[in-house]
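See structure below.
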Amino acid sequence: MKTRRLGRSGLQVSAISLGTEYLLNEPRDHAVRVIHAALDRGINYFDIFYAQPDIRDTMGVAFRGRREEAMITTHLGGCVENGQHAKTRDLAISEHYFHDFLRRLETDYVDVVFLHNCDEQEDYEQLMDEDGLLGAARRYQEEGKARLIGFSGHTVATSLQAVESGAIDVLMFPVNILGNAVPGRRDLLDACQTHDVALVAMKPFAGGRLLQGGDELRVERFLVGGSDVSVRRTNAITPVRCLSYILEQPSVSTIVPGCRDVAELDAALAYWDATPEERDFAPLLAGFAQYREGECVYCNHCLPCPSTIDIGQTMRLLDAAQRVGVEQVRADYAAMPTNADDCIACGECEARCPFGVEVISRMEEAARAFA
Ligand code: SF4
Ligand code: SF4
């Protein structure tokens, strides 16, 4: 299992982790088996957002004796109504469910307390108030009951404000191939980089839709992180390709695929043994109508370059420089053994790029920007 830095916390997190939402209605021994399999395979980050007592008790059993192997999360603002998960902004109710989580998980602390599911401006202002849930999360941090504060949402507008507020260490946001061209998403990812906020990518398979059959893919906005999506399915979509796309996006610390069983877990973790062809997500992007021709997706299909330039990384840094300023990424650019200055304008990359990117002029831009 490869690990990545969890933003400014400096903690190392498994690059592919586990969301536990599909274990909600599974028998306890089944759910425990999935968690143990994940731990045994090196996963050390588990998102646990449900507030229902049964799943919390099950997680308590699963992590008994293995708590120190894992980072676990809870979502402040989650509660139960009529036996189902619900959202609340009531401080007393939220506090009750937070302490209920600690008790049922048989632990003194959570690694990340997420401010749960915020997509509207009014809700954002209420949530991020010192007298609201943010204040409670900070208090838990001071008391040693929470190591990091996170924010979960599905729209760029509120998530971007949270990242820029300086109040959060971790953002949980949908990142999947269908949302590639969601307006503002790149700004959000770049903001995570600028503020060193760890990005936890949720909905990697768009709630499973990406892996279902049929010619037509219809996906609602909250699964994509933007507007509703409807596209023709034209290429083989696999878990490995979906994860490969996400791991190439800037700022992503970890992905939390929800897995129903060990077979689904292993299908996701097959990424680590996959060949470059099996990881190749470019044909998927080409089939999605939202994708804008001429925009680099950092896939490096244009290599090899006779000057050994890492073209995808150069493009990524140029895009970031244009969004957040050259100084933010200058050190990363300087660390590359060859860069845009070394481009000899041979054009070989442009002939290979499936997306019509004008690499030579972009290299000239990069050379000017980082001069
Ligand atoms: S220029 Fe084209 S092939 Fe190269 S990294 Fe960008 S999108 Fe991929
Ligand atoms: S045009 Fe520049 S970046 Fe592209 S392959 Fe040639 S030298 Fe490399």
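Scheme for the structure tokens: letters A, B, ... for chains in order shown; per-chain residue numbers from 1; ligand numbers from 1 in order shown.
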Requested in this report: Could you please extract the residues within 10 Å of ligand 2, counting only C-alpha atoms and all ligand atoms, and hand them back as a PyMOL selection string?
Outcome: chain A and resi 302-312+314+339-353+358-364
If you count only C-alpha atoms, which residues fall within 7 Å of segment 119-122 of chain A, apart from same-chain ones fewer than 4 positions away, as a compact mmCIF listing (two decimals) with N, CA and C atoms, in the first residue's frame?
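Saved to result-v4.txt:
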```
# COMPACT_ATOMS: atom_id res chain seq x y z
N GLN A 126 -23.94 29.18 9.29
CA GLN A 126 -24.37 28.62 10.58
C GLN A 126 -23.34 27.60 11.09
N GLY A 153 -18.60 18.30 1.76
CA GLY A 153 -19.61 18.98 0.95
C GLY A 153 -19.56 18.48 -0.49
N HIS A 154 -20.53 18.96 -1.28
CA HIS A 154 -20.66 18.49 -2.66
C HIS A 154 -20.70 19.63 -3.66
N THR A 155 -20.56 20.87 -3.18
CA THR A 155 -20.54 21.98 -4.14
C THR A 155 -19.25 22.77 -3.94
N THR A 158 -19.24 26.28 -1.33
CA THR A 158 -19.05 26.20 0.12
C THR A 158 -17.72 25.52 0.47
```
Query raised in the report: With distances taken over only C-alpha atoms and all ligand atoms, which of A:Arg316, A:Arg209, A:Arg221, A:Arg186 is nearest to ligand 1?
Result: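 For ligand 1, the nearest of the candidates is A:Arg316.
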Query raised in the report: Mind pulling up the distance from atom CA of Cys242 of chain A to atom CA of Leu23 of chain A?
Result: 21.3 Å
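Using only C-alpha atoms, the shortest contact distance between Met71 of chain A and any of A:Ala198, A:Val32, A:Leu148, A:Val252 is found at A:Leu148.
Nearest residue to ligand 1 among A:Trp272, A:Phe370, A:Tyr140, A:Tyr298 is A:Tyr298, counting only C-alpha atoms and all ligand atoms.
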Report task. May I ask for the distance between atom CA of Asp123 of chain A and atom CA of Val163 of chain A, given in Å to one decimal place? Result ->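 We find that atom CA of Asp123 of chain A and atom CA of Val163 of chain A lie 15.8 Å from each other.
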Report summary line: Of A:Ala236, A:Leu318, A:Ala367, A:Cys296, the one sitting nearest ligand 1 when using only C-alpha atoms and all ligand atoms is A:Cys296
Query raised in the report: Could you name the residues that touch Leu39 of chain A at 8 Å or less, counting only C-alpha atoms, but leaving out those on the same chain fewer than 5 positions away, as a PyMOL selection string?
Result: chain A and resi 44+69-70
Requested in this report: Would you list the contacts of Leu91 of chain A as a ChimeraX atom specification, taking every protein, DNA or RNA residue within 12 Å and counting only C-alpha atoms, but skipping same-chain residues closer than 5 positions in sequence?
Outcome: /A:76-79,96-98,115,126-127,129-137
Requested in this report: Within segment 1-179 of chain A, find each residue whose DSSP state, derived from the backbone, is helix (DSSP H, G or I), and express the selection as an MDAnalysis selection string.
Outcome: chainID A and resid 7:9 21:23 28:40 53:63 67:69 91:104 121:127 133:142 156:165 177:179
**Report entry** Nearest-residue call for Cys192 of chain A, choices A:Gln322, A:Lys2, A:Asp100, A:Gln328, using only C-alpha atoms
**Finding:**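 Among the listed residues, the smallest separation from Cys192 of chain A belongs to A:Gln328.
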Report task. Select from segment 144-319 of chain A everything DSSP, run on the backbone, classes as strand (DSSP E), then give the selection as a PyMOL selection string. Result -> chain A and resi 146-152+170-174+198-202+216-219+229-232+252-255
Query raised in the report: If we count only C-alpha atoms, what is near Asp190 of chain A at a cut-off of 7 Å, once residues fewer than 4 positions away on the same chain are taken out, given as a VMD selection string?
Result: chain A and resid 186 194 250 320 324
Go ahead and write the residues just picked, C-alpha atoms, as a PDB file, in the first residue's frame.
```
ATOM      1  CA  ARG A 186      -9.785  22.854 -10.466  1.00  0.00           C
ATOM      2  CA  THR A 194      -2.271  26.420  -1.559  1.00  0.00           C
ATOM      3  CA  PRO A 250      -3.819  17.585  -7.570  1.00  0.00           C
ATOM      4  CA  ALA A 320      -1.654  25.846 -10.818  1.00  0.00           C
ATOM      5  CA  VAL A 324      -2.820  30.427  -7.452  1.00  0.00           C
TER       6      VAL A 324
END
```
